[in-house]
>>> print(open('protein_35.tsv').read())   # TSV, N, CA and C atoms and all ligand atoms
chain	number	residue	atom	x	y	z
A	1416	MET	N	87.83	75.58	93.56
A	1416	MET	CA	88.62	76.76	93.87
A	1416	MET	C	87.94	77.57	94.97
A	1417	ASN	N	88.76	78.23	95.76
A	1417	ASN	CA	88.24	79.12	96.80
A	1417	ASN	C	88.29	80.55	96.29
A	1418	ILE	N	87.15	81.19	96.31
A	1418	ILE	CA	87.05	82.54	95.74
A	1418	ILE	C	86.55	83.52	96.80
A	1419	ALA	N	87.25	84.65	96.93
A	1419	ALA	CA	86.82	85.69	97.86
A	1419	ALA	C	86.10	86.80	97.11
A	1420	LEU	N	84.96	87.21	97.63
A	1420	LEU	CA	84.17	88.29	97.03
A	1420	LEU	C	84.04	89.41	98.06
A	1421	ILE	N	84.47	90.59	97.66
A	1421	ILE	CA	84.49	91.72	98.58
A	1421	ILE	C	84.09	92.97	97.80
A	1422	ALA	N	83.31	93.83	98.43
A	1422	ALA	CA	82.99	95.10	97.77
A	1422	ALA	C	82.78	96.20	98.80
A	1423	HIS	N	83.32	97.36	98.52
A	1423	HIS	CA	83.02	98.52	99.35
A	1423	HIS	C	81.58	98.96	99.10
A	1424	ASP	N	81.06	99.79	100.00
A	1424	ASP	CA	79.63	100.07	99.99
A	1424	ASP	C	79.11	100.56	98.64
A	1425	ARG	N	79.84	101.47	98.03
A	1425	ARG	CA	79.35	102.01	96.75
A	1425	ARG	C	79.53	101.04	95.59
A	1426	LYS	N	80.10	99.88	95.87
A	1426	LYS	CA	80.27	98.85	94.84
A	1426	LYS	C	79.44	97.60	95.16
A	1427	LYS	N	78.62	97.66	96.20
A	1427	LYS	CA	77.84	96.48	96.60
A	1427	LYS	C	76.86	96.07	95.48
A	1428	LYS	N	76.22	97.09	94.88
A	1428	LYS	CA	75.26	96.77	93.82
A	1428	LYS	C	75.96	96.04	92.68
A	1429	ASP	N	77.17	96.49	92.36
A	1429	ASP	CA	77.93	95.87	91.26
A	1429	ASP	C	78.29	94.42	91.58
A	1430	ILE	N	78.68	94.15	92.81
A	1430	ILE	CA	79.10	92.77	93.10
A	1430	ILE	C	77.87	91.84	93.13
A	1431	VAL	N	76.74	92.39	93.55
A	1431	VAL	CA	75.52	91.58	93.52
A	1431	VAL	C	75.13	91.29	92.06
A	1432	THR	N	75.23	92.30	91.21
A	1432	THR	CA	74.93	92.10	89.80
A	1432	THR	C	75.87	91.04	89.20
A	1433	LEU	N	77.14	91.13	89.56
A	1433	LEU	CA	78.13	90.15	89.08
A	1433	LEU	C	77.78	88.74	89.56
A	1434	ALA	N	77.43	88.64	90.83
A	1434	ALA	CA	77.13	87.31	91.41
A	1434	ALA	C	75.88	86.71	90.76
A	1435	VAL	N	74.90	87.56	90.47
A	1435	VAL	CA	73.68	87.07	89.81
A	1435	VAL	C	74.04	86.61	88.39
A	1436	ALA	N	74.81	87.42	87.69
A	1436	ALA	CA	75.14	87.12	86.29
A	1436	ALA	C	76.02	85.86	86.17
A	1437	TYR	N	76.88	85.66	87.14
A	1437	TYR	CA	77.84	84.54	87.06
A	1437	TYR	C	77.54	83.45	88.08
A	1438	LYS	N	76.30	83.39	88.51
A	1438	LYS	CA	75.91	82.40	89.54
A	1438	LYS	C	76.28	80.98	89.11
A	1439	ARG	N	76.05	80.67	87.85
A	1439	ARG	CA	76.31	79.30	87.38
A	1439	ARG	C	77.77	78.92	87.53
A	1440	ILE	N	78.66	79.87	87.30
A	1440	ILE	CA	80.09	79.60	87.48
A	1440	ILE	C	80.43	79.58	88.97
A	1441	LEU	N	79.94	80.58	89.68
A	1441	LEU	CA	80.30	80.70	91.10
A	1441	LEU	C	79.84	79.51	91.92
A	1442	GLN	N	78.69	78.94	91.57
A	1442	GLN	CA	78.15	77.85	92.41
A	1442	GLN	C	78.99	76.57	92.33
A	1443	GLU	N	79.91	76.53	91.37
A	1443	GLU	CA	80.81	75.36	91.26
A	1443	GLU	C	82.01	75.48	92.21
A	1444	HIS	N	82.10	76.59	92.93
A	1444	HIS	CA	83.29	76.86	93.74
A	1444	HIS	C	82.92	77.16	95.19
A	1445	THR	N	83.95	77.25	96.03
A	1445	THR	CA	83.73	77.57	97.44
A	1445	THR	C	83.89	79.08	97.60
A	1446	LEU	N	82.84	79.71	98.08
A	1446	LEU	CA	82.82	81.17	98.11
A	1446	LEU	C	82.99	81.72	99.52
A	1447	TYR	N	83.77	82.78	99.59
A	1447	TYR	CA	84.01	83.49	100.84
A	1447	TYR	C	83.73	84.96	100.58
A	1448	ALA	N	83.36	85.67	101.64
A	1448	ALA	CA	83.12	87.11	101.48
A	1448	ALA	C	83.29	87.81	102.81
A	1449	THR	N	83.53	89.12	102.74
A	1449	THR	CA	83.44	89.91	103.96
A	1449	THR	C	81.95	90.00	104.34
A	1450	GLY	N	81.70	90.35	105.60
A	1450	GLY	CA	80.36	90.21	106.18
A	1450	GLY	C	79.19	90.77	105.40
A	1451	THR	N	79.23	92.07	105.13
A	1451	THR	CA	78.05	92.68	104.50
A	1451	THR	C	77.95	92.29	103.03
A	1452	THR	N	79.09	92.21	102.38
A	1452	THR	CA	79.08	91.78	100.97
A	1452	THR	C	78.46	90.38	100.87
A	1453	GLY	N	78.89	89.48	101.74
A	1453	GLY	CA	78.36	88.11	101.72
A	1453	GLY	C	76.86	88.08	101.94
A	1454	LYS	N	76.42	88.90	102.89
A	1454	LYS	CA	74.97	88.94	103.20
A	1454	LYS	C	74.18	89.36	101.96
A	1455	ARG	N	74.67	90.40	101.30
A	1455	ARG	CA	73.96	90.91	100.11
A	1455	ARG	C	73.95	89.87	98.99
A	1456	ILE	N	75.07	89.16	98.82
A	1456	ILE	CA	75.14	88.15	97.75
A	1456	ILE	C	74.20	86.98	98.05
A	1457	ILE	N	74.20	86.56	99.30
A	1457	ILE	CA	73.31	85.44	99.68
A	1457	ILE	C	71.85	85.82	99.46
A	1458	GLU	N	71.48	87.02	99.90
A	1458	GLU	CA	70.09	87.47	99.74
A	1458	GLU	C	69.67	87.49	98.28
A	1459	ALA	N	70.60	87.90	97.41
A	1459	ALA	CA	70.24	88.06	95.99
A	1459	ALA	C	70.32	86.76	95.20
A	1460	THR	N	71.17	85.83	95.63
A	1460	THR	CA	71.43	84.65	94.78
A	1460	THR	C	71.15	83.31	95.45
A	1461	ASN	N	71.08	83.33	96.78
A	1461	ASN	CA	70.97	82.08	97.53
A	1461	ASN	C	72.21	81.19	97.39
A	1462	LEU	N	73.30	81.75	96.91
A	1462	LEU	CA	74.55	80.98	96.85
A	1462	LEU	C	75.03	80.70	98.27
A	1463	LYS	N	75.80	79.63	98.41
A	1463	LYS	CA	76.40	79.34	99.71
A	1463	LYS	C	77.69	80.17	99.82
A	1464	VAL	N	77.75	81.01	100.81
A	1464	VAL	CA	78.93	81.89	100.97
A	1464	VAL	C	79.37	81.87	102.43
A	1465	HIS	N	80.63	81.57	102.65
A	1465	HIS	CA	81.16	81.68	104.01
A	1465	HIS	C	81.46	83.14	104.29
A	1466	ARG	N	80.84	83.68	105.34
A	1466	ARG	CA	81.03	85.10	105.63
A	1466	ARG	C	82.06	85.31	106.73
A	1467	PHE	N	83.06	86.12	106.41
A	1467	PHE	CA	84.00	86.57	107.43
A	1467	PHE	C	83.41	87.81	108.11
A	1468	LYS	N	84.19	88.43	108.98
A	1468	LYS	CA	83.73	89.68	109.60
A	1468	LYS	C	83.61	90.77	108.54
A	1469	SER	N	82.90	91.82	108.88
A	1469	SER	CA	82.82	92.96	107.98
A	1469	SER	C	84.23	93.54	107.78
A	1470	GLY	N	84.46	94.11	106.61
A	1470	GLY	CA	85.80	94.62	106.29
A	1470	GLY	C	86.40	95.53	107.36
A	1471	PRO	N	85.68	96.58	107.77
A	1471	PRO	CA	86.26	97.50	108.76
A	1471	PRO	C	86.51	96.83	110.11
A	1472	LEU	N	85.91	95.68	110.34
A	1472	LEU	CA	86.07	94.98	111.63
A	1472	LEU	C	87.05	93.81	111.55
A	1473	GLY	N	87.79	93.73	110.44
A	1473	GLY	CA	88.83	92.70	110.35
A	1473	GLY	C	88.64	91.68	109.24
A	1474	GLY	N	87.54	91.80	108.49
A	1474	GLY	CA	87.26	90.80	107.43
A	1474	GLY	C	88.33	90.74	106.36
A	1475	ASP	N	88.86	91.91	105.99
A	1475	ASP	CA	89.92	91.91	104.97
A	1475	ASP	C	91.14	91.16	105.49
A	1476	GLN	N	91.42	91.35	106.75
A	1476	GLN	CA	92.59	90.67	107.34
A	1476	GLN	C	92.36	89.16	107.42
A	1477	GLN	N	91.12	88.75	107.70
A	1477	GLN	CA	90.84	87.31	107.74
A	1477	GLN	C	91.05	86.69	106.36
A	1478	ILE	N	90.63	87.40	105.32
A	1478	ILE	CA	90.85	86.89	103.96
A	1478	ILE	C	92.34	86.89	103.64
A	1479	GLY	N	93.05	87.93	104.10
A	1479	GLY	CA	94.50	87.97	103.92
A	1479	GLY	C	95.18	86.76	104.55
A	1480	ALA	N	94.69	86.36	105.72
A	1480	ALA	CA	95.27	85.19	106.39
A	1480	ALA	C	95.05	83.93	105.55
A	1481	TYR	N	93.88	83.82	104.94
A	1481	TYR	CA	93.62	82.66	104.06
A	1481	TYR	C	94.60	82.68	102.88
A	1482	ILE	N	94.83	83.86	102.33
A	1482	ILE	CA	95.75	83.96	101.19
A	1482	ILE	C	97.14	83.47	101.61
A	1483	SER	N	97.61	83.93	102.76
A	1483	SER	CA	98.96	83.55	103.17
A	1483	SER	C	99.04	82.09	103.59
A	1484	ASP	N	97.89	81.49	103.89
A	1484	ASP	CA	97.85	80.04	104.18
A	1484	ASP	C	97.60	79.22	102.91
A	1485	ASP	N	97.61	79.91	101.76
A	1485	ASP	CA	97.39	79.23	100.47
A	1485	ASP	C	95.99	78.62	100.36
A	1486	LYS	N	95.01	79.29	100.96
A	1486	LYS	CA	93.64	78.78	100.93
A	1486	LYS	C	92.72	79.63	100.07
A	1487	MET	N	93.28	80.55	99.28
A	1487	MET	CA	92.43	81.36	98.42
A	1487	MET	C	93.01	81.33	97.01
A	1488	ASP	N	92.15	81.08	96.02
A	1488	ASP	CA	92.64	80.93	94.64
A	1488	ASP	C	92.30	82.12	93.76
A	1489	MET	N	91.38	82.95	94.21
A	1489	MET	CA	91.00	84.13	93.42
A	1489	MET	C	90.36	85.15	94.35
A	1490	VAL	N	90.65	86.41	94.09
A	1490	VAL	CA	90.05	87.48	94.90
A	1490	VAL	C	89.36	88.48	93.96
A	1491	ILE	N	88.09	88.71	94.19
A	1491	ILE	CA	87.37	89.77	93.49
A	1491	ILE	C	87.03	90.82	94.53
A	1492	PHE	N	87.67	91.94	94.41
A	1492	PHE	CA	87.58	93.00	95.43
A	1492	PHE	C	87.20	94.29	94.72
A	1493	LEU	N	85.92	94.56	94.66
A	1493	LEU	CA	85.46	95.79	94.01
A	1493	LEU	C	85.61	96.93	95.00
A	1494	ARG	N	86.78	97.53	94.94
A	1494	ARG	CA	87.06	98.61	95.88
A	1494	ARG	C	86.57	99.94	95.33
A	1495	ASP	N	86.30	100.85	96.23
A	1495	ASP	CA	85.81	102.17	95.85
A	1495	ASP	C	87.00	103.12	95.80
A	1496	PRO	N	87.41	103.52	94.62
A	1496	PRO	CA	88.61	104.37	94.53
A	1496	PRO	C	88.33	105.84	94.85
A	1497	LEU	N	87.07	106.16	95.12
A	1497	LEU	CA	86.70	107.57	95.31
A	1497	LEU	C	86.33	107.91	96.75
A	1498	THR	N	86.39	106.91	97.63
A	1498	THR	CA	86.01	107.16	99.02
A	1498	THR	C	87.09	106.61	99.93
A	1499	SER	N	87.54	107.41	100.90
A	1499	SER	CA	88.57	106.88	101.80
A	1499	SER	C	87.91	105.96	102.83
A	1500	GLN	N	88.61	104.92	103.18
A	1500	GLN	CA	88.07	103.89	104.08
A	1500	GLN	C	88.80	103.97	105.42
A	1501	PRO	N	88.08	103.78	106.53
A	1501	PRO	CA	88.75	103.81	107.84
A	1501	PRO	C	89.79	102.70	107.97
A	1502	HIS	N	89.60	101.62	107.22
A	1502	HIS	CA	90.51	100.47	107.32
A	1502	HIS	C	91.39	100.37	106.07
A	1503	GLU	N	91.77	101.52	105.53
A	1503	GLU	CA	92.60	101.54	104.31
A	1503	GLU	C	93.85	100.64	104.43
A	1504	PRO	N	94.54	100.63	105.59
A	1504	PRO	CA	95.71	99.74	105.68
A	1504	PRO	C	95.36	98.27	105.44
A	1505	ASP	N	94.18	97.85	105.88
A	1505	ASP	CA	93.77	96.46	105.67
A	1505	ASP	C	93.51	96.19	104.19
A	1506	VAL	N	92.91	97.20	103.52
A	1506	VAL	CA	92.62	97.07	102.08
A	1506	VAL	C	93.95	96.91	101.32
A	1507	THR	N	94.90	97.79	101.65
A	1507	THR	CA	96.21	97.73	100.99
A	1507	THR	C	96.90	96.40	101.27
A	1508	ALA	N	96.79	95.93	102.50
A	1508	ALA	CA	97.45	94.68	102.88
A	1508	ALA	C	96.87	93.50	102.11
A	1509	LEU	N	95.57	93.50	101.91
A	1509	LEU	CA	94.93	92.39	101.19
A	1509	LEU	C	95.39	92.37	99.72
A	1510	ILE	N	95.44	93.55	99.13
A	1510	ILE	CA	95.89	93.63	97.74
A	1510	ILE	C	97.37	93.23	97.65
A	1511	ARG	N	98.14	93.69	98.61
A	1511	ARG	CA	99.57	93.35	98.63
A	1511	ARG	C	99.76	91.83	98.75
A	1512	LEU	N	99.03	91.20	99.65
A	1512	LEU	CA	99.20	89.75	99.83
A	1512	LEU	C	98.77	88.98	98.58
A	1513	SER	N	97.76	89.47	97.89
A	1513	SER	CA	97.37	88.82	96.63
A	1513	SER	C	98.54	88.84	95.66
A	1514	ASP	N	99.27	89.94	95.64
A	1514	ASP	CA	100.44	90.04	94.76
A	1514	ASP	C	101.59	89.16	95.27
A	1515	VAL	N	101.79	89.14	96.57
A	1515	VAL	CA	102.87	88.32	97.13
A	1515	VAL	C	102.67	86.86	96.72
A	1516	TYR	N	101.43	86.39	96.82
A	1516	TYR	CA	101.15	84.97	96.56
A	1516	TYR	C	100.65	84.71	95.14
A	1517	GLU	N	100.67	85.78	94.32
A	1517	GLU	CA	100.27	85.68	92.92
A	1517	GLU	C	98.89	85.08	92.73
A	1518	ILE	N	97.98	85.61	93.52
A	1518	ILE	CA	96.58	85.19	93.42
A	1518	ILE	C	95.89	86.09	92.40
A	1519	PRO	N	95.18	85.52	91.43
A	1519	PRO	CA	94.42	86.36	90.51
A	1519	PRO	C	93.49	87.29	91.28
A	1520	LEU	N	93.62	88.59	91.00
A	1520	LEU	CA	92.90	89.61	91.77
A	1520	LEU	C	92.23	90.60	90.81
A	1521	ALA	N	90.93	90.81	91.00
A	1521	ALA	CA	90.23	91.84	90.22
A	1521	ALA	C	89.79	92.93	91.18
A	1522	THR	N	90.07	94.17	90.82
A	1522	THR	CA	89.60	95.27	91.67
A	1522	THR	C	88.53	96.10	90.98
A	1523	ASN	N	88.09	95.65	89.82
A	1523	ASN	CA	86.95	96.33	89.18
A	1523	ASN	C	86.15	95.32	88.38
A	1524	LEU	N	84.95	95.75	88.02
A	1524	LEU	CA	84.00	94.85	87.38
A	1524	LEU	C	84.51	94.27	86.06
A	1525	GLY	N	85.20	95.10	85.28
A	1525	GLY	CA	85.69	94.63	83.98
A	1525	GLY	C	86.65	93.46	84.13
A	1526	THR	N	87.59	93.60	85.04
A	1526	THR	CA	88.56	92.52	85.26
A	1526	THR	C	87.88	91.32	85.93
A	1527	ALA	N	86.92	91.59	86.80
A	1527	ALA	CA	86.22	90.49	87.48
A	1527	ALA	C	85.56	89.57	86.46
A	1528	GLU	N	84.94	90.16	85.44
A	1528	GLU	CA	84.28	89.33	84.42
A	1528	GLU	C	85.30	88.48	83.68
A	1529	ILE	N	86.44	89.07	83.36
A	1529	ILE	CA	87.48	88.32	82.65
A	1529	ILE	C	87.98	87.16	83.52
A	1530	LEU	N	88.18	87.42	84.81
A	1530	LEU	CA	88.64	86.35	85.71
A	1530	LEU	C	87.62	85.22	85.79
A	1531	LEU	N	86.36	85.57	85.94
A	1531	LEU	CA	85.35	84.51	86.09
A	1531	LEU	C	85.19	83.70	84.80
A	1532	ARG	N	85.28	84.38	83.66
A	1532	ARG	CA	85.23	83.64	82.40
A	1532	ARG	C	86.46	82.77	82.23
A	1533	GLY	N	87.61	83.31	82.65
A	1533	GLY	CA	88.85	82.53	82.61
A	1533	GLY	C	88.79	81.33	83.53
A	1534	LEU	N	88.17	81.52	84.67
A	1534	LEU	CA	88.00	80.43	85.64
A	1534	LEU	C	87.22	79.28	84.98
A	1535	LYS	N	86.15	79.64	84.30
A	1535	LYS	CA	85.31	78.63	83.64
A	1535	LYS	C	86.09	77.88	82.57
A	1536	GLU	N	86.98	78.60	81.89
A	1536	GLU	CA	87.76	77.98	80.80
A	1536	GLU	C	88.97	77.20	81.32
A	1537	GLY	N	89.20	77.23	82.62
A	1537	GLY	CA	90.32	76.46	83.18
A	1537	GLY	C	91.61	77.25	83.27
A	1538	PHE	N	91.56	78.56	83.07
A	1538	PHE	CA	92.79	79.37	83.10
A	1538	PHE	C	93.41	79.46	84.49
A	1539	VAL	N	92.65	79.07	85.50
A	1539	VAL	CA	93.17	79.17	86.87
A	1539	VAL	C	93.54	77.79	87.42
A	1540	ASP	N	93.44	76.78	86.56
A	1540	ASP	CA	93.72	75.41	87.02
A	1540	ASP	C	95.15	75.23	87.51
A	1541	TRP	N	96.06	76.09	87.04
A	1541	TRP	CA	97.45	75.99	87.49
A	1541	TRP	C	97.55	76.08	89.01
A	1542	ARG	N	96.55	76.69	89.64
A	1542	ARG	CA	96.56	76.81	91.10
A	1542	ARG	C	96.55	75.43	91.77
A	1543	LYS	N	95.98	74.46	91.06
A	1543	LYS	CA	95.90	73.11	91.64
A	1543	LYS	C	97.25	72.43	91.65
A	1544	TYR	N	98.15	72.88	90.76
A	1544	TYR	CA	99.40	72.13	90.56
A	1544	TYR	C	100.63	72.83	91.10
A	1545	LYS	N	100.48	74.08	91.51
A	1545	LYS	CA	101.66	74.83	91.97
A	1545	LYS	C	102.08	74.36	93.37
A	1546	GLY	N	103.37	74.60	93.67
A	1546	GLY	CA	103.86	74.29	95.02
A	1546	GLY	C	103.50	75.42	95.97
A	1547	ASN	N	103.53	75.16	97.24
A	1547	ASN	CA	103.25	76.20	98.22
A	1547	ASN	C	104.40	77.19	98.32
A	1548	LYS	N	104.06	78.48	98.31
A	1548	LYS	CA	105.08	79.51	98.42
A	1548	LYS	C	105.39	79.75	99.90
A	1549	GLY	N	106.60	80.06	100.19
A	1549	GLY	CA	106.94	80.43	101.57
A	1549	GLY	C	107.14	79.26	102.50
A	1550	GLU	N	107.08	78.05	101.97
A	1550	GLU	CA	107.34	76.90	102.82
A	1550	GLU	C	108.63	76.26	102.41
A	1551	SER	N	109.41	75.86	103.37
A	1551	SER	CA	110.68	75.24	102.99
A	1551	SER	C	110.77	73.84	103.60
A	1601	LIG	O1	85.07	96.96	103.78
A	1601	LIG	C1	85.10	96.02	103.02
A	1601	LIG	C2	86.34	95.69	102.30
A	1601	LIG	O2	87.43	96.51	102.64
A	1601	LIG	C3	83.92	95.18	102.79
A	1601	LIG	O3	83.30	94.85	104.01
A	1601	LIG	P1	81.78	94.49	104.05
A	1601	LIG	O4	81.52	93.44	103.02
A	1601	LIG	O5	81.48	93.96	105.42
A	1601	LIG	O6	81.03	95.76	103.76
>>> encode(input="protein_35.tsv", output="structure tokens")
Amino acid sequence: MNIALIAHDRKKKDIVTLAVAYKRILQEHTLYATGTTGKRIIEATNLKVHRFKSGPLGGDQQIGAYISDDKMDMVIFLRDPLTSQPHEPDVTALIRLSDVYEIPLATNLGTAEILLRGLKEGFVDWRKYKGNKGES
């Protein structure tokens, strides 16, 4: 499965903690991240992570493009609900596209843990068998 990991600055510590705690599950999958989030995860875990651009510089949009190309199976996006972001439209667009394509999406740590545990149990395997949306 292809998994995107993204966190706003005040949530970086949380996503690193999550990646350390769930390294065994995450290492079985192909990981993507926005620039700074990916750097922090790699430094803390040594996991292999493909890094897109930093979020404010277009990273969220790059992940959105993967979603619309059916190349992303799960998104963990620890967004900061208490700080306004210069690239808020990109944040909204990424969340919207996850809903359009029905990609499992966690926007906080509690849901992220449930998704990763579900991933391990095979709850996301349906992604392997579904047809492509938006293609005729
Ligand atoms: O801004 C972000 C998501 O909207 C995250 O970007 P960085 O991982 O580069 O900090």
>>> atom_distance(input="protein_35.tsv", atom1="atom CA of A:Val1435", atom2="atom CA of A:Ala1422")
14.6 Å
>>> closest_residue(input="protein_35.tsv", among="A:Met1487, A:Leu1509, A:Ala1459, A:Val1464", to="ligand LIG 1601 (chain A)", atoms="only C-alpha atoms and all ligand atoms")
A:Leu1509
>>> closest_residue(input="protein_35.tsv", among="A:Leu1534, A:Val1506, A:Leu1512, A:Ala1527", to="ligand LIG 1601 (chain A)", atoms="all atoms listed in the file")
A:Val1506
>>> axis_aligned_box(input="protein_35.tsv", around="stretch 1528-1538 of chain A", padding_each_side="3 Å", output="lines of an AutoDock Vina configuration file")
center_x = 88.8
center_y = 83.3
center_z = 83.4
size_x = 15.1
size_y = 19.7
size_z = 11.3
>>> closest_residue(input="protein_35.tsv", among="A:Leu1472, A:Ala1436, A:Ile1418, A:Leu1462", to="ligand LIG 1601 (chain A)", atoms="only N, CA and C atoms and all ligand atoms")
A:Leu1472
>>> residues_near_ligand(input="protein_35.tsv", ligand="ligand LIG 1601 (chain A)", cutoff="5 Å", atoms="only N, CA and C atoms and all ligand atoms", output="MDAnalysis selection string")
chainID A and resid 1422:1423 1449:1453 1468:1471
>>> write_last_selection(input="protein_35.tsv", atoms="N, CA and C atoms", output="compact mmCIF listing (two decimals), keeping the file's coordinate frame")
# COMPACT_ATOMS: atom_id res chain seq x y z
N ALA A 1422 83.31 93.83 98.43
CA ALA A 1422 82.99 95.10 97.77
C ALA A 1422 82.78 96.20 98.80
N HIS A 1423 83.32 97.36 98.52
CA HIS A 1423 83.02 98.52 99.35
C HIS A 1423 81.58 98.96 99.10
N THR A 1449 83.53 89.12 102.74
CA THR A 1449 83.44 89.91 103.96
C THR A 1449 81.95 90.00 104.34
N GLY A 1450 81.70 90.35 105.60
CA GLY A 1450 80.36 90.21 106.18
C GLY A 1450 79.19 90.77 105.40
N THR A 1451 79.23 92.07 105.13
CA THR A 1451 78.05 92.68 104.50
C THR A 1451 77.95 92.29 103.03
N THR A 1452 79.09 92.21 102.38
CA THR A 1452 79.08 91.78 100.97
C THR A 1452 78.46 90.38 100.87
N GLY A 1453 78.89 89.48 101.74
CA GLY A 1453 78.36 88.11 101.72
C GLY A 1453 76.86 88.08 101.94
N LYS A 1468 84.19 88.43 108.98
CA LYS A 1468 83.73 89.68 109.60
C LYS A 1468 83.61 90.77 108.54
N SER A 1469 82.90 91.82 108.88
CA SER A 1469 82.82 92.96 107.98
C SER A 1469 84.23 93.54 107.78
N GLY A 1470 84.46 94.11 106.61
CA GLY A 1470 85.80 94.62 106.29
C GLY A 1470 86.40 95.53 107.36
N PRO A 1471 85.68 96.58 107.77
CA PRO A 1471 86.26 97.50 108.76
C PRO A 1471 86.51 96.83 110.11
>>> select_by_dssp(input="protein_35.tsv", residues="chain A", states="alpha helix (DSSP H)", output="number ranges by chain")
A: 1427-1436, 1438-1441, 1450-1460, 1474-1483, 1503-1515, 1524-1536, 1541-1544
>>> residues_around(input="protein_35.tsv", residues="A:Ile1456", least_positions_apart="6", cutoff="7 Å", atoms="all atoms listed in the file", output="PyMOL selection string")
chain A and resi 1430-1431+1434+1462
>>> residues_around(input="protein_35.tsv", residues="A:Thr1526", least_positions_apart="4", cutoff="12 Å", atoms="only C-alpha atoms", output="ChimeraX atom specification")
/A:1433,1489-1493,1519-1522,1530-1533
>>> select_by_dssp(input="protein_35.tsv", residues="chain A", states="strand (DSSP E or B)", output="VMD selection string")
chain A and resid 1417 to 1422 1445 to 1448 1464 to 1466 1489 to 1493 1520 to 1521
>>> closest_residue(input="protein_35.tsv", among="A:Asp1424, A:Asp1475, A:Glu1536, A:Glu1458", to="A:Pro1496", atoms="only C-alpha atoms")
A:Asp1424
>>> atom_distance(input="protein_35.tsv", atom1="atom C of A:Ile1421", atom2="atom C of A:Tyr1437")
15.1 Å
>>> atom_distance(input="protein_35.tsv", atom1="atom C of A:Glu1528", atom2="atom CA of A:Leu1441")
11.9 Å
>>> residues_around(input="protein_35.tsv", residues="A:His1465", least_positions_apart="5", cutoff="8 Å", atoms="only C-alpha atoms", output="PyMOL selection string")
chain A and resi 1446-1448+1453
>>> decode(input="protein_35.tsv", residues="stretch 1418-1462 of chain A", atoms="C-alpha atoms", output="short mmCIF file (atom, residue, chain, number, x, y, z; two decimals), in the first residue's frame")
data_model
loop_
_atom_site.label_atom_id
_atom_site.label_comp_id
_atom_site.auth_asym_id
_atom_site.auth_seq_id
_atom_site.Cartn_x
_atom_site.Cartn_y
_atom_site.Cartn_z
CA ILE A 1418 0.76 5.71 2.50
CA ALA A 1419 1.12 9.49 2.78
CA LEU A 1420 2.39 10.98 6.04
CA ILE A 1421 1.96 14.69 6.58
CA ALA A 1422 2.05 16.91 9.65
CA HIS A 1423 1.88 20.60 10.31
CA ASP A 1424 4.71 22.04 12.39
CA ARG A 1425 3.01 21.76 15.77
CA LYS A 1426 2.16 18.14 14.99
CA LYS A 1427 5.61 17.06 13.78
CA LYS A 1428 6.52 15.55 17.15
CA ASP A 1429 3.30 13.52 17.10
CA ILE A 1430 3.89 12.10 13.64
CA VAL A 1431 7.45 11.14 14.55
CA THR A 1432 6.16 9.41 17.68
CA LEU A 1433 3.57 7.60 15.55
CA ALA A 1434 6.18 6.54 12.98
CA VAL A 1435 8.48 5.22 15.70
CA ALA A 1436 5.65 3.34 17.42
CA TYR A 1437 4.31 1.84 14.18
CA LYS A 1438 7.60 1.38 12.34
CA ARG A 1439 7.06 -2.36 12.02
CA ILE A 1440 3.78 -1.84 10.19
CA LEU A 1441 4.95 1.15 8.16
CA GLN A 1442 8.08 -0.58 6.87
CA GLU A 1443 5.89 -3.11 5.03
CA HIS A 1444 4.50 -0.32 2.84
CA THR A 1445 5.60 2.40 0.44
CA LEU A 1446 5.79 5.68 2.30
CA TYR A 1447 5.41 9.21 1.01
CA ALA A 1448 5.57 12.48 2.90
CA THR A 1449 5.71 16.21 2.47
CA GLY A 1450 9.27 17.54 2.65
CA THR A 1451 9.90 18.46 6.26
CA THR A 1452 7.66 15.77 7.70
CA GLY A 1453 9.52 13.15 5.66
CA LYS A 1454 12.89 14.46 6.78
CA ARG A 1455 11.90 14.26 10.44
CA ILE A 1456 10.51 10.73 10.05
CA ILE A 1457 13.61 9.50 8.24
CA GLU A 1458 15.91 11.00 10.88
CA ALA A 1459 13.96 9.35 13.70
CA THR A 1460 13.24 5.94 12.16
CA ASN A 1461 15.50 5.37 9.17
CA LEU A 1462 12.38 4.30 7.26
#
